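Accompanying notes for the structure given below.
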Amino acid sequence: KKTEKMSLFKVLLFLSLTSAKAASPPPFADKYGTARWLTHILDWATLSTISSRTAIAGIPFGNPTSFSDGPVDDSSGIPYFYTSDLDASMQDVFVAGNNMVSLSLSENAVDGGVDSCVISSGGDPESPVCARLVLSGQYVNVSGTSEESFAQSALMTRHPQMDTWPVDHSWFYAKLVITDIWLIDIYGGASILDVDQYYAVNMTDISLKKN
């Protein structure tokens with residue numbers, strides 16, 4: 001019986017941890033809330049640049065990358081990055097000199113899963129009701145600026161392994177200066193969102209990810 005109680009405890013603990021990770025999305029009609037929710041709750045997305053590698057020069061290059069818009073309880077809406085000069089995408093941005101990028105986010109990547117995105121639950125990552133968000137704009141180095149401390153806090157609290165990465169890889173903090181927002185979260189086509197309204201969202205009304 002002691003073993004059965006321990007097994008039950010482990011199951012309950014697992015359920016509590018997974019439920020703590022998941023957060024409810026805003027209703028689909030709240031386009032701006034959905035965009036801010038996705039930007040805050042996700043830990044990674046695909047960063048697309050125009051490749052400068054000879055074999056694929058001029059072709060879009062998508063690179064999965066970690067990001068954070070702030071600590072769990074402090075969403076800024078601005079994607080921040082901790083990256084290296086050695087990264088292929090950074091070669092495109094800073095060596096080739098094209099700093100216009102896109103960051104593609106999918107509700108399919110939400111911890112705990114969202115039924116509308118999960119194939120085994122009858123959903124699909126490409127379904128219009130599985131929200132997709134593309135943030136486009138300028139990729140900017142913020143190391144040595146007034147934003148560096150917030151970027152560091154945003155990334156190291158959400159991605160603690162970063163603090164253990166080799167120190168000789170020319171790491172720096174960067175951000176995406178958003179100039180265009182594309183969102184689809186329901187049938188009927190995508191919405192193009194106003195950047196100022198995106199930043200104006202009151203995040204106290206939105207369910208955020210818990211530690």
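Residue names in the structure tokens use chain letters A, B, ... in the order shown, residue numbers from 1 in each chain, and ligand numbers from 1 in the order shown.
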With only C-alpha atoms as the counted atoms, please give the residues lying no more than 10 Å from Ser149 (chain A), apart from itself and same-chain residues fewer than 6 positions off, as a PDB file with all heavy atoms, in the first residue's frame.
ATOM      1  N   VAL A 142      22.096  44.668 -28.395  1.00  0.00           N
ATOM      2  CA  VAL A 142      21.841  45.584 -27.280  1.00  0.00           C
ATOM      3  C   VAL A 142      22.892  45.465 -26.176  1.00  0.00           C
ATOM      4  O   VAL A 142      22.767  46.114 -25.138  1.00  0.00           O
ATOM      5  CB  VAL A 142      20.430  45.388 -26.684  1.00  0.00           C
ATOM      6  CG1 VAL A 142      19.369  45.670 -27.725  1.00  0.00           C
ATOM      7  CG2 VAL A 142      20.268  43.994 -26.090  1.00  0.00           C
ATOM      8  N   SER A 143      23.919  44.651 -26.381  1.00  0.00           N
ATOM      9  CA  SER A 143      25.002  44.585 -25.389  1.00  0.00           C
ATOM     10  C   SER A 143      25.677  45.942 -25.276  1.00  0.00           C
ATOM     11  O   SER A 143      25.923  46.614 -26.285  1.00  0.00           O
ATOM     12  CB  SER A 143      26.032  43.518 -25.786  1.00  0.00           C
ATOM     13  OG  SER A 143      25.503  42.225 -25.600  1.00  0.00           O
ATOM     14  N   TYR A 173      23.869  40.081 -26.336  1.00  0.00           N
ATOM     15  CA  TYR A 173      22.419  40.185 -26.241  1.00  0.00           C
ATOM     16  C   TYR A 173      21.889  40.993 -27.425  1.00  0.00           C
ATOM     17  O   TYR A 173      22.530  41.953 -27.864  1.00  0.00           O
ATOM     18  CB  TYR A 173      22.008  40.847 -24.929  1.00  0.00           C
ATOM     19  CG  TYR A 173      22.369  40.026 -23.716  1.00  0.00           C
ATOM     20  CD1 TYR A 173      23.518  40.308 -22.980  1.00  0.00           C
ATOM     21  CD2 TYR A 173      21.575  38.956 -23.310  1.00  0.00           C
ATOM     22  CE1 TYR A 173      23.862  39.549 -21.872  1.00  0.00           C
ATOM     23  CE2 TYR A 173      21.909  38.192 -22.212  1.00  0.00           C
ATOM     24  CZ  TYR A 173      23.057  38.492 -21.494  1.00  0.00           C
ATOM     25  OH  TYR A 173      23.399  37.724 -20.402  1.00  0.00           O
TER      26      TYR A 173
END
Legend entry - Close residues, Ile50 (chain A) itself excluded, 9 Å, only C-alpha atoms, min 3 positions apart in chain, as number ranges by chain: A: 57-62, 89, 92-93, 98-101
Inset, instruction - With a distance cut-off of 10 Å and only C-alpha atoms, select the neighbouring residues of Met90 (chain A), excluding the residue or stretch itself and same-chain residues fewer than 6 positions from it, and output the selection as a list in words. - result: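 Those residues are Thr49, Ser51, Thr83, Ser84, Ala96, Gly97, Asn98, Asn99 and Tyr139 of chain A.
Distances here use only C-alpha atoms; by that measure, the residue among A:Ile56, A:Ile184, A:Val134, A:Val118 closest to Pro79 (chain A) is A:Val134.
Between CA of Ser102 (chain A) and CA of Ser48 (chain A) there is a distance of 5.1 Å.
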Legend entry - Length of the CA of Leu183 (chain A) to CA of Phe81 (chain A) vector [Å]: 21.4 Å
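In terms of minimum interatomic distance to Asp30 (chain A), A:Ala131 ranks closest within A:Ala131, A:Ser146, A:Pro166, A:Ala174, counting only C-alpha atoms.
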Inset, instruction - Can you pull out every residue within 8 Å of region 152-162 of chain A, counting only C-alpha atoms, but drop anything in the same chain fewer than 4 positions away, and send it as a ChimeraX atom specification? - result: /A:43,67-72,80-82,148,173
Legend entry - Residue set, region 20-153 of chain A restricted to alpha helix (DSSP H), as number ranges by chain: A: 20-21, 31-41, 88-90, 148-153
Legend entry - Distance query Tyr187 (chain A) at most 9 Å, only C-alpha atoms, self and fewer than 3 positions along chain excluded, as a list of chain:residue names: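 Residues near the query, excluding close chain neighbours: A:Ser127, A:Pro128, A:Val129, A:Ile184, A:Ala190.
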Inset, instruction - Mind the document's chain letters and residue numbers, and return as number ranges by chain the residues of region 42-120 of chain A that DSSP labels strand (DSSP E). - result: A: 44-50, 60-66, 80-84, 100-106
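Counting only C-alpha atoms, the residue from A:Asp185, A:Leu47, A:Gly112, A:Asp85 that sits nearest to Pro64 (chain A) is A:Leu47.
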Inset, instruction - Find the spatial neighbours of Ser116 (chain A), counting only C-alpha atoms, within a cut-off of 12 Å - ignore same-chain residues fewer than 5 positions away - and output them as JSON, numbers by chain. - result: {"A": [25, 106, 107, 108, 109, 110, 121, 122, 123, 124, 125, 126, 127, 128, 129, 130, 131, 132, 185, 186]}
Inset, instruction - Work out how far apart CA of Gly144 (chain A) and CA of Phe172 (chain A) are and give it in Å to one decimal. - result: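 Answer for the CA of Gly144 (chain A) to CA of Phe172 (chain A) separation: 9.1 Å.
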List the neighbours of Ile192 (chain A) out to 12 Å using only C-alpha atoms; skip same-chain residues closer than 2 positions along the sequence, and give me the result as a compact mmCIF listing (two decimals) with N, CA, C and O atoms, in the first residue's frame.
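After the write, part20.txt holds the following:
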# COMPACT_ATOMS: atom_id res chain seq x y z
N LYS A 31 -6.99 39.48 -30.76
CA LYS A 31 -5.80 39.28 -31.59
C LYS A 31 -4.53 39.79 -30.90
O LYS A 31 -3.49 39.13 -30.91
N TYR A 32 -4.62 40.98 -30.33
CA TYR A 32 -3.43 41.57 -29.71
C TYR A 32 -3.03 40.81 -28.45
O TYR A 32 -1.83 40.59 -28.19
N ALA A 35 -1.28 37.63 -29.56
CA ALA A 35 0.09 37.89 -30.01
C ALA A 35 1.04 38.09 -28.84
O ALA A 35 2.15 37.52 -28.80
N LEU A 133 2.17 33.13 -35.32
CA LEU A 133 2.53 34.55 -35.23
C LEU A 133 3.89 34.76 -35.87
O LEU A 133 4.83 34.00 -35.60
N VAL A 134 4.01 35.76 -36.72
CA VAL A 134 5.29 36.11 -37.33
C VAL A 134 5.60 37.58 -37.02
O VAL A 134 4.84 38.47 -37.40
N LEU A 135 6.69 37.78 -36.30
CA LEU A 135 7.16 39.11 -35.96
C LEU A 135 8.34 39.45 -36.87
O LEU A 135 9.32 38.69 -36.92
N SER A 136 8.26 40.54 -37.58
CA SER A 136 9.33 40.94 -38.49
C SER A 136 9.88 42.30 -38.10
O SER A 136 9.16 43.13 -37.53
N THR A 179 8.57 45.68 -36.60
CA THR A 179 7.95 46.64 -37.52
C THR A 179 6.71 46.08 -38.20
O THR A 179 5.95 46.83 -38.81
N ASP A 180 6.52 44.75 -38.10
CA ASP A 180 5.36 44.13 -38.74
C ASP A 180 4.93 42.91 -37.93
O ASP A 180 5.78 42.14 -37.46
N ILE A 181 3.60 42.74 -37.77
CA ILE A 181 3.07 41.62 -37.00
C ILE A 181 1.99 40.92 -37.81
O ILE A 181 0.98 41.54 -38.18
N TRP A 182 2.19 39.63 -38.08
CA TRP A 182 1.26 38.80 -38.85
C TRP A 182 0.74 37.71 -37.92
O TRP A 182 1.53 37.02 -37.26
N LEU A 183 -0.57 37.55 -37.84
CA LEU A 183 -1.17 36.57 -36.93
C LEU A 183 -2.34 35.87 -37.59
O LEU A 183 -3.17 36.50 -38.23
N ILE A 184 -2.39 34.54 -37.40
CA ILE A 184 -3.59 33.79 -37.76
C ILE A 184 -3.96 32.91 -36.58
O ILE A 184 -3.10 32.19 -36.04
N ASP A 185 -5.20 33.01 -36.12
CA ASP A 185 -5.65 32.18 -34.99
C ASP A 185 -7.08 31.69 -35.16
O ASP A 185 -7.68 31.16 -34.24
N GLY A 189 -8.48 33.95 -42.77
CA GLY A 189 -7.28 34.70 -43.18
C GLY A 189 -6.55 35.35 -42.02
O GLY A 189 -7.07 35.45 -40.91
N ALA A 190 -5.35 35.79 -42.30
CA ALA A 190 -4.49 36.37 -41.28
C ALA A 190 -4.84 37.82 -40.99
O ALA A 190 -5.50 38.49 -41.79
N ASP A 194 -1.28 46.25 -35.52
CA ASP A 194 -0.57 47.51 -35.29
C ASP A 194 0.45 47.32 -34.16
O ASP A 194 0.11 46.81 -33.08
N VAL A 195 1.66 47.74 -34.39
CA VAL A 195 2.74 47.51 -33.42
C VAL A 195 2.47 48.24 -32.11
O VAL A 195 2.67 47.69 -31.01
N GLN A 197 -0.39 49.08 -30.74
CA GLN A 197 -1.46 48.42 -30.01
C GLN A 197 -0.98 47.11 -29.40
O GLN A 197 -1.43 46.70 -28.32
N TYR A 198 -0.08 46.45 -30.08
CA TYR A 198 0.53 45.22 -29.56
C TYR A 198 1.25 45.50 -28.23
O TYR A 198 1.07 44.80 -27.24
